[in-house]
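Enquirer: One structure, pasted below without further comment.
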Amino acid sequence: MNNSPEQQEIERLKTLLSYNILDTPPEEDFDNIARMISIICETPVALISMMDHNRQWFKAKVGMEDNEVIREETFCQYTIRQSSLLEIPDATLDERVKNSPFVTQDNGIRFYAGIPLTASNGYNIGTVCVADNKPRKLSESQKEALDLLSKQVMYLIESRKKNRQLSTELEQVLNKKIEAAQRSFKQKEAEYNHLLAAIKLSNSVVEFSPQGEILQANEIFLNVMGYDEKELRGKSHEILIFEEERILNTGFWNDLEKGKFKGGRYRRRHKNGSDIWYQATYNPILNLEQEVVKVIKIAQDITSEIEAAQTLQKAKEAAESLNVQKDNFIANVSHEIRTPIHAILGFTGLLLEEEQEESKLSYLRSVKTAGDNLLFLVNDILDLSKIDAGLIQMDSAPFSPAEVVENVFSILHLKAQEKNIGLDLNFGPEVPGHLMGDRNRLSQILINLVGNAIKFTEKGRVELEVAVKKELHGVYYVEFKVKDSGTGIPKDKLETIFQRFSQADEGISRKYGGTGLGLNISRQLVEKQEGSMEVASEPGKGSVFSFTIPYRKAEIVEKDAPGNAEQLDENCFGRILLCEDNELNQRLVRVLLSEKGYTVDIAENGRKGLEYFAALDYDLVLMDLQMPEKDGFQTTREIRQKFGSKVPVVALTANFMLVERERCFAAGMNDYLSKPFTKNELLQVIQKWVPGRIFSEEVVASSEEKPVFSMAYLEDFSGGDEAFQQEMIGLFLVKSAEMHNHLKTAFEKEDLSEVKATAHKMKASFGIVGADLSLLHNLESLEQFDREEIGDNLNRLERQLNNLYSYIRKEIKVP
C-alpha cells in the first residue's frame, strides 16, 4: 500500500462499498455480538460501525440512540487509521478528542476503546468500539475478547458477501437444475406411463374414486372376475365383495380416503359368486394439496395358491386327526394288553409268596419273567407314544446311583450266567453317594443297554463303567459306559442304530427278538435329561455304548424310613367298592385287600356299582374307566351329582394319556392308579384315602362350586416336583393368553368353527390348574353363531382369566 493517503482512502471506500452493507437493516447476529461486547467489557456503550468519507454508520449498537454521526466528531476516525486497539482511558485529557461534543456534553464520554474491522485486502472498513462516562481501562482478557469479537464481526461480513456472490451463482445453477428437472420429470412421466402399461399387461389393475367407485379396470381383471367393463364402470366396489365382509370393508375404504396405503391378501367375489383371492396393493394417488384423487389397485390372482394351501391344511388336519386316532388306539390297546398282564403278574406274585415247592417256584418264576418281558415290550411302545405326545417328564429326587446299578445287575446277572459270560462293574470312587435326578429312567436306560450287550455277546464279558467325566459349578457329568465283546455293529449302520425300529441286521429280530425301539427310547430319555449318547463299534470286536447325564449332588438328611406295604397291614379297616369288569382283576384286588382286612364289594359295571353305592356306605371306590353299560366317568359323575357324596374315588386304568387324567379329575375323581400296579402301590393309595381321612371340599366340588385355582392335579402328576409345577403353571399363563386372543380374533371374524375349536383346546390348559370349564364348554357346544351369547361368555371368560392370573401371581408366586 504505497499509494498516497487520498488514493488509499478511495480504495478503502471501494472496499467498503463492495460489501454492500451500508444502510442495510439491523441483523440479529450483529446485535447479539454488540450485546456480548458490552457485557464482556462492562461498558454501557458498545458499537459495530462502518465509516465512509464523511460519516460513521452503526451496524449494531448498545447504549446509543443515533444511527449515524459526523465522522470528524467521532473517536473512531482515529481507530480506523491504525491496525490495532486504540484505548483512551480519560477523554478529557486526550488532545485528539477532549473538545469533541461527545466529551463536552453533560455526562459525556470519558472512556473509549476501539479496534478496526480489517477487510481481507488489508483496508479498514469500520470499527468495533466501547465507551463509558467514567474513566477506566480494559483488562487484558477484555482486550483479547474485543479483538476476537471484532474478527467474528468481520467474518460475518465476509460471509454475507460470499453468500451474495453464491446466491447469484446458485440462481444460475438452480435455473439449470430446474430445466434439467423438468426434462427428468418428463422422462420419469414417460417411464411411469410405460411401467403402468407393463403392469397392466401382467397384473390386474383397477382404478377407483376415493369413495370406492370403479372408474376403469384392465382386461386381466375383467377376465378373472368374469365381468365386462360396462358392467363394472361406475359401480361401487361392494359389487366385488361378499355380504359378510361389508362392515369391515367400510373401515378399509375410510383409511384409503385418508391416504393410507393398504396391502395384503384379499378375498373377492366372482360374478358367479365363487371365491377369488388376490395378493393386492391399494395405492392412494394424491394431488398437490395432498388430497386423494383416486385409488389404484394392483393385484395378482393367487386363488390356486390359496386353494392349494387350504388343501394342505385339510391334509394336515386329517393327519392330526389320524395321530389322535393313533394315540387313542395305543391307549385302548394298552388298556386291553396291560389289564391281563396286570392279572398275570399279580396272581403270579401271590403264588410266589405262598408256594414252597421248588419245581413249581421255578415254573412261576418263568411265568413272571415272561410276563415282565411282555410288559417290557408293551412299555417300549407306550414310552414311544408318551415321548411323541410330550408326556414324558423327568423326576428330580435324591437317589443312590450305586443302588440303581446294583439293582440293574441283580436283574440281569442271571441272563449273563445262563450265557456263561462275565458281567463286571467298575464304579468310580469319585461318583457322589447321592444325586438329584430320575432313578427310574436311569435304571430303564441301563437295563436296555446292559441287556442288549448281554443279548449280543456269545462269549467274553460285558462291563459297565461309571465315572464322573467332569464337575462344573456343582454339576457332576456322570458317564455310563457299557462295553461288550459281542458281534459289533457295521460302520454303515452306526448312523441309523438309534432310529426307530432299526437294528444292525435284518436277522437280529428273528434271532434275538425285540422291537427295535430300545435304543431310540434310551437316547431320547438321555436327551430329555440334557445328556448325550454315543456309540463306537467294530464288527467282531464288540461295541461301546456310552451316555453322560448332568446331575447335581443330593444332600441326604437321615430320617426314619417310611412304612412299607407290610407296615400298612396293621389296623387296616374299611369297606371298599371295586367297579371292574375284568374277572381276573376282580379276583386279584379282592385277594390283595381281603387278606389285609378290607371288605371288598365288586360291581362288574357302572350301573351295578351305583346300586351297591345306593345300598351301602363305602370308605373308598376303586373305579375302572372302561366298563359296559356305564363307564367310570358316568358312574363317578352320578356319585357326585345324584348322591352328593364326597367319598374318595380312585381311577384304575391302563390308559397312560394325559387327557385321561384330566377327564378323571373333571369327573370328580380324587386319585389315579395306572395298571399294572403293584400290591404296595395299591395299598398305599388306599391307606392315603381310607383311615379316618377328612376330605377337601375342593377335590369333590361340583362344577358350579369350582375354586379359582387348584394345585391338586399338578401336585399329583408331578409327584411334588415344584420346578415342574412352576414350569407347567408358567406354560398355562402363556398358552391361555395366546388362545384367549385367538378366541377374540375368531369372534371378530364371526368364525364359529374356530371359536369352538379354540375353546376345546383351552379346556386342556384349564384342566391343568383345576379351573372351571363351564364357560369353555358353553362356547364349544354352540350350534350357531350368536354374537350376544358368545360376547357375554368371552367377557366372563376374560374376568375368569384375570382372577386366575391374579391368584397365580399372588399365591403361587409365578413371575
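Ligands are numbered from 1 in the order shown, residues from 1 within each chain, and chains are lettered A, B, ... in the order they appear in the C-alpha cells.
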Show which residues sit within 10 Å of Asn272 of chain A, as a compact mmCIF listing (two decimals) with N, CA and C atoms, in the first residue's frame. Count only C-alpha atoms, and ignore same-chain residues fewer than 3 positions away.
Expert:
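Now in selection.txt:
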```txt
# COMPACT_ATOMS: atom_id res chain seq x y z
N MET A 225 -62.47 -61.88 -13.01
CA MET A 225 -63.69 -61.69 -12.23
C MET A 225 -64.97 -62.03 -13.02
N GLY A 226 -64.84 -62.24 -14.34
CA GLY A 226 -66.00 -62.65 -15.12
C GLY A 226 -66.92 -61.53 -15.57
N TYR A 227 -66.46 -60.27 -15.53
CA TYR A 227 -67.29 -59.13 -15.93
C TYR A 227 -66.76 -58.54 -17.24
N ARG A 269 -65.36 -61.44 -4.67
CA ARG A 269 -66.48 -62.24 -5.17
C ARG A 269 -66.53 -62.22 -6.71
N ASP A 275 -65.22 -67.77 -4.86
CA ASP A 275 -64.12 -67.03 -4.24
C ASP A 275 -63.00 -66.79 -5.23
```
Enquirer: Hey, what's within 7 Å of Ala46 of chain A if we count only C-alpha atoms and toss same-chain stuff fewer than 6 positions away? As JSON, numbers by chain, please?
Expert: {"A": [34, 37, 38, 61, 62, 63, 129, 130, 131]}
